[in-house]
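As structure tokens, the structure follows; a few thoughts come after it.
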Amino acid sequence: MSDNLKPIYSLSICGRLTLELHSLNNEGGEGNQTMTRTVAVVDTAGNIHKVNAISGDMFKHIQAEHFYLLARESRMPLCKGCETFRADRILGDAEFLRNLPDTDAAAITNLLTACALEDTEGTLIARGARSIPRKSVAEFSWVVGLPDKVRTESYFHVRYAQDRGGEDVSQPIFHRPASSGVYASVANFELARIGFNDVNQTYAIEEDERLRRHRIFLRSVLHTYIEPAGAMRNTQNPHILNFEGVVTVSYSVLPAPTISPLADDYKEQVQAVAQALDGNGNLVVRRFANTAEFASIMQEIIQGTKPYRLFTQGG
């Protein structure tokens, strides 16, 4: 591993994502009406606003799928369940479960060695009375619409039958939503934990493999904001108008601070918190005004960094 690469402990992204005419946040249907997920937020004056939002689970799934595709292309180790992106992941690997060690530490070591996806995305090994958790490296907030800057409209849609001469049960009418607005996104990534066994406080994989996973993981984060997946993308693929915000990188055991972009001065607050926490250049805040600048910053980080190595039981 090159000594010129700077070790990253953690990385955070706070930004405002402008999406036009999307349906990423559907939560089911009622009759012939597709329902849009909404949440309540409180502003600094104590006023309550109801806005539409995209769940953190959705963005986490988008990022995990991008990681899976990149990992397969790079021939990284994947368990039998993750090889086909099964929902149960490691629980779909019968051989792994048959050979599950008696201790949790050994089980996590086997997991980290066998599967890059489970390493970065986390999982829960539930086997009989045993429950062995692996915490994810990634943490995504709800992607929340800014009050007065989001709007959802409902649009008429009908599936026509071959013969349109009269009413037919094969000609159902639908009302589909399309949302447009500015959304606040917050995410944090604990890159030092890639390959790290939290139970016995040691690394289960070599540094070269940690670097590979680090780079693939950061590429998957970049791809998440370039191509967000979700519902109805076959006909309502989102117009990504802009993404602006800050990327904060921690080069020591300091948290990369986050402030919600629901606050208008979130960039200044992130910068001020970083300066208060550190005066030695270990916390670097990079601003970006658009998606292209964000992509450029992320590419610099991918090419010029490696995952931080924590102090371990073995030294």
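Convention: chains lettered A, B, ... in structure tokens order; per-chain residue numbering from 1; ligands numbered from 1 as shown.
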**Message:** Excluding Pro7 of chain A and its own-chain neighbours fewer than 6 positions away, which residues fall within 12 Å of it when counting only C-alpha atoms? Please give them as a VMD selection string.
**Reply:** chain A and resid 1 190 to 192 207 210 to 211 214 249 to 253 282 to 283 301 to 310
**Message:** Please return, as an MDAnalysis selection string, all residues of segment 38-244 of chain A that DSSP assigns to helix (DSSP H, G or I) on the basis of the backbone.
**Reply:** chainID A and resid 56:73 80:83 89:92 94:98 104:114 116:121 191:193 207:226
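Atom pair atom CA of Val247 of chain A / atom CA of His66 of chain A has a distance of 19.8 Å (rounded to one decimal).
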**Request:** Rank nothing, just name the residue among A:Ser74, A:Gln63, A:Thr258, A:Thr44 nearest to Ala184 of chain A, using only C-alpha atoms.
**Result:**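 Ranked by minimum distance to Ala184 of chain A, first place goes to A:Thr258.
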**Request:** Please provide as number ranges by chain all residues within 12 Å of Val285 of chain A, with the sequence filter that same-chain residues fewer than 6 positions apart are discarded (counting only C-alpha atoms).
**Result:** A: 11-14, 245-251, 256-258, 267-275, 278, 297
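The two atoms in question, atom CA of Ser10 of chain A and atom CA of Asn242 of chain A, are spaced 24.7 Å apart.
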**Asked** Near Glu206 of chain A, within 12 Å and counting only C-alpha atoms, which residues show up once chain neighbours fewer than 6 positions away are dropped, as a PyMOL selection string?
**Response** chain A and resi 1+112-113+194-196+212-213+307+309
**Prompt:** Of the candidates A:Asp264, A:Glu83, A:Asp102, A:Glu293, which shows the shortest atom-to-atom distance to Phe67 of chain A, using only C-alpha atoms?
**Reply:**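 Ranked by minimum distance to Phe67 of chain A, first place goes to A:Glu83.
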**Request:** Could you tell me, as a PyMOL selection string, which residues of segment 12-231 of chain A DSSP assigns to strand (DSSP E or B) when given the backbone?
**Result:** chain A and resi 12-22+26-30+33-36+38-42+48-54+123-127+130-134+138-140+143-158+173-189+196-197+202-203
Residue selection dump (C-alpha atoms) as a PDB file, in the first residue's frame:
```pdb
ATOM      1  CA  SER A  12     -19.532  12.784   6.145  1.00  0.00           C
ATOM      2  CA  ILE A  13     -21.716  14.332   3.460  1.00  0.00           C
ATOM      3  CA  CYS A  14     -24.266  17.076   4.133  1.00  0.00           C
ATOM      4  CA  GLY A  15     -26.070  18.477   1.138  1.00  0.00           C
ATOM      5  CA  ARG A  16     -29.197  19.664  -0.615  1.00  0.00           C
ATOM      6  CA  LEU A  17     -30.308  17.420  -3.457  1.00  0.00           C
ATOM      7  CA  THR A  18     -32.718  18.850  -6.019  1.00  0.00           C
ATOM      8  CA  LEU A  19     -34.879  16.149  -7.600  1.00  0.00           C
ATOM      9  CA  GLU A  20     -37.574  16.775 -10.184  1.00  0.00           C
ATOM     10  CA  LEU A  21     -40.565  14.543 -11.030  1.00  0.00           C
ATOM     11  CA  HIS A  22     -39.588  11.469  -9.032  1.00  0.00           C
ATOM     12  CA  ASN A  26     -43.811   5.658  -2.448  1.00  0.00           C
ATOM     13  CA  GLU A  27     -45.130   3.709   0.551  1.00  0.00           C
ATOM     14  CA  GLY A  28     -47.852   1.600  -1.033  1.00  0.00           C
ATOM     15  CA  GLY A  29     -51.257   2.132  -2.556  1.00  0.00           C
ATOM     16  CA  GLU A  30     -54.839   2.720  -1.541  1.00  0.00           C
ATOM     17  CA  GLN A  33     -53.962   5.828  -5.744  1.00  0.00           C
ATOM     18  CA  THR A  34     -50.235   5.438  -5.049  1.00  0.00           C
ATOM     19  CA  MET A  35     -49.360   6.992  -1.679  1.00  0.00           C
ATOM     20  CA  THR A  36     -46.372   9.259  -1.074  1.00  0.00           C
ATOM     21  CA  THR A  38     -44.467  12.086   4.282  1.00  0.00           C
ATOM     22  CA  VAL A  39     -42.835  13.043   7.587  1.00  0.00           C
ATOM     23  CA  ALA A  40     -43.184  15.880  10.092  1.00  0.00           C
ATOM     24  CA  VAL A  41     -40.233  18.190  10.791  1.00  0.00           C
ATOM     25  CA  VAL A  42     -39.861  21.054  13.256  1.00  0.00           C
ATOM     26  CA  ILE A  48     -44.213  21.952  12.411  1.00  0.00           C
ATOM     27  CA  HIS A  49     -44.127  21.179   8.699  1.00  0.00           C
ATOM     28  CA  LYS A  50     -45.299  18.071   6.888  1.00  0.00           C
ATOM     29  CA  VAL A  51     -43.038  17.287   3.940  1.00  0.00           C
ATOM     30  CA  ASN A  52     -42.420  14.319   1.698  1.00  0.00           C
ATOM     31  CA  ALA A  53     -39.246  12.357   2.263  1.00  0.00           C
ATOM     32  CA  ILE A  54     -37.197   9.398   1.073  1.00  0.00           C
ATOM     33  CA  THR A 123     -25.850  -7.721   8.952  1.00  0.00           C
ATOM     34  CA  LEU A 124     -27.347  -9.800  11.754  1.00  0.00           C
ATOM     35  CA  ILE A 125     -26.438 -13.476  11.952  1.00  0.00           C
ATOM     36  CA  ALA A 126     -29.468 -15.063  13.613  1.00  0.00           C
ATOM     37  CA  ARG A 127     -28.921 -18.765  14.206  1.00  0.00           C
ATOM     38  CA  ARG A 130     -27.567 -16.865  18.829  1.00  0.00           C
ATOM     39  CA  SER A 131     -27.707 -13.315  17.526  1.00  0.00           C
ATOM     40  CA  ILE A 132     -24.426 -11.910  16.183  1.00  0.00           C
ATOM     41  CA  PRO A 133     -24.572  -8.327  14.838  1.00  0.00           C
ATOM     42  CA  ARG A 134     -22.212  -6.644  12.395  1.00  0.00           C
ATOM     43  CA  ALA A 138     -22.605   3.458   6.390  1.00  0.00           C
ATOM     44  CA  GLU A 139     -25.182   5.631   8.140  1.00  0.00           C
ATOM     45  CA  PHE A 140     -27.841   7.436   6.060  1.00  0.00           C
ATOM     46  CA  VAL A 143     -33.652  12.487   2.808  1.00  0.00           C
ATOM     47  CA  VAL A 144     -36.126  15.162   3.855  1.00  0.00           C
ATOM     48  CA  GLY A 145     -37.841  17.780   1.755  1.00  0.00           C
ATOM     49  CA  LEU A 146     -37.228  21.381   2.795  1.00  0.00           C
ATOM     50  CA  PRO A 147     -40.424  23.074   3.986  1.00  0.00           C
ATOM     51  CA  ASP A 148     -42.046  25.118   1.194  1.00  0.00           C
ATOM     52  CA  LYS A 149     -39.554  23.707  -1.303  1.00  0.00           C
ATOM     53  CA  VAL A 150     -41.226  20.377  -2.128  1.00  0.00           C
ATOM     54  CA  ARG A 151     -44.405  19.613  -4.002  1.00  0.00           C
ATOM     55  CA  THR A 152     -46.230  16.423  -5.016  1.00  0.00           C
ATOM     56  CA  GLU A 153     -48.788  16.253  -7.815  1.00  0.00           C
ATOM     57  CA  SER A 154     -50.942  13.285  -8.849  1.00  0.00           C
ATOM     58  CA  TYR A 155     -51.163  12.299 -12.507  1.00  0.00           C
ATOM     59  CA  PHE A 156     -53.749  10.250 -14.379  1.00  0.00           C
ATOM     60  CA  HIS A 157     -52.577   7.013 -15.985  1.00  0.00           C
ATOM     61  CA  VAL A 158     -54.486   4.231 -17.746  1.00  0.00           C
ATOM     62  CA  ILE A 173     -57.090   3.701 -14.167  1.00  0.00           C
ATOM     63  CA  PHE A 174     -54.261   4.795 -11.869  1.00  0.00           C
ATOM     64  CA  HIS A 175     -53.301   8.007 -10.130  1.00  0.00           C
ATOM     65  CA  ARG A 176     -49.517   8.233  -9.826  1.00  0.00           C
ATOM     66  CA  PRO A 177     -47.605  10.820  -7.789  1.00  0.00           C
ATOM     67  CA  ALA A 178     -44.602  12.807  -8.998  1.00  0.00           C
ATOM     68  CA  SER A 179     -42.628  14.899  -6.520  1.00  0.00           C
ATOM     69  CA  SER A 180     -40.260  17.778  -7.128  1.00  0.00           C
ATOM     70  CA  GLY A 181     -38.220  19.698  -4.610  1.00  0.00           C
ATOM     71  CA  VAL A 182     -35.066  20.333  -2.639  1.00  0.00           C
ATOM     72  CA  TYR A 183     -34.129  17.593  -0.162  1.00  0.00           C
ATOM     73  CA  ALA A 184     -31.751  17.603   2.804  1.00  0.00           C
ATOM     74  CA  SER A 185     -29.378  14.639   2.897  1.00  0.00           C
ATOM     75  CA  VAL A 186     -26.962  13.627   5.669  1.00  0.00           C
ATOM     76  CA  ALA A 187     -24.679  10.591   5.600  1.00  0.00           C
ATOM     77  CA  ASN A 188     -21.721   9.404   7.639  1.00  0.00           C
ATOM     78  CA  PHE A 189     -19.208   6.657   6.857  1.00  0.00           C
ATOM     79  CA  PHE A 196     -12.466  -4.414  11.686  1.00  0.00           C
ATOM     80  CA  ASN A 197     -13.790  -7.053  14.087  1.00  0.00           C
ATOM     81  CA  THR A 202      -8.587  -6.729  15.501  1.00  0.00           C
ATOM     82  CA  TYR A 203      -8.565  -6.502  11.714  1.00  0.00           C
TER      83      TYR A 203
END
```
**Request:** Could you check which of A:Arg98, A:Asn290, A:Ile216, A:Leu277 is closest to Glu73 of chain A, using only C-alpha atoms?
**Result:**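 Of all the options, A:Ile216 lies closest to Glu73 of chain A.
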**Residue with smallest distance to Arg215 of chain A - pool A:Asn280, A:Thr120, A:Thr109, A:Thr103, counting only C-alpha atoms** =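 Of A:Asn280, A:Thr120, A:Thr109, A:Thr103, the one nearest Arg215 of chain A, counting only C-alpha atoms, is A:Thr120.
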**Request:** May I ask which of the residues A:Leu24, A:Ile226, A:Leu70, A:Leu117 is the closest one to Arg89 of chain A, counting only C-alpha atoms?
**Result:**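 Closest residue, counting only C-alpha atoms: A:Leu117.
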**Asked** What is the atom CA of Phe217 of chain A to atom CA of Asp265 of chain A distance in Å?
**Response** 29.2 Å
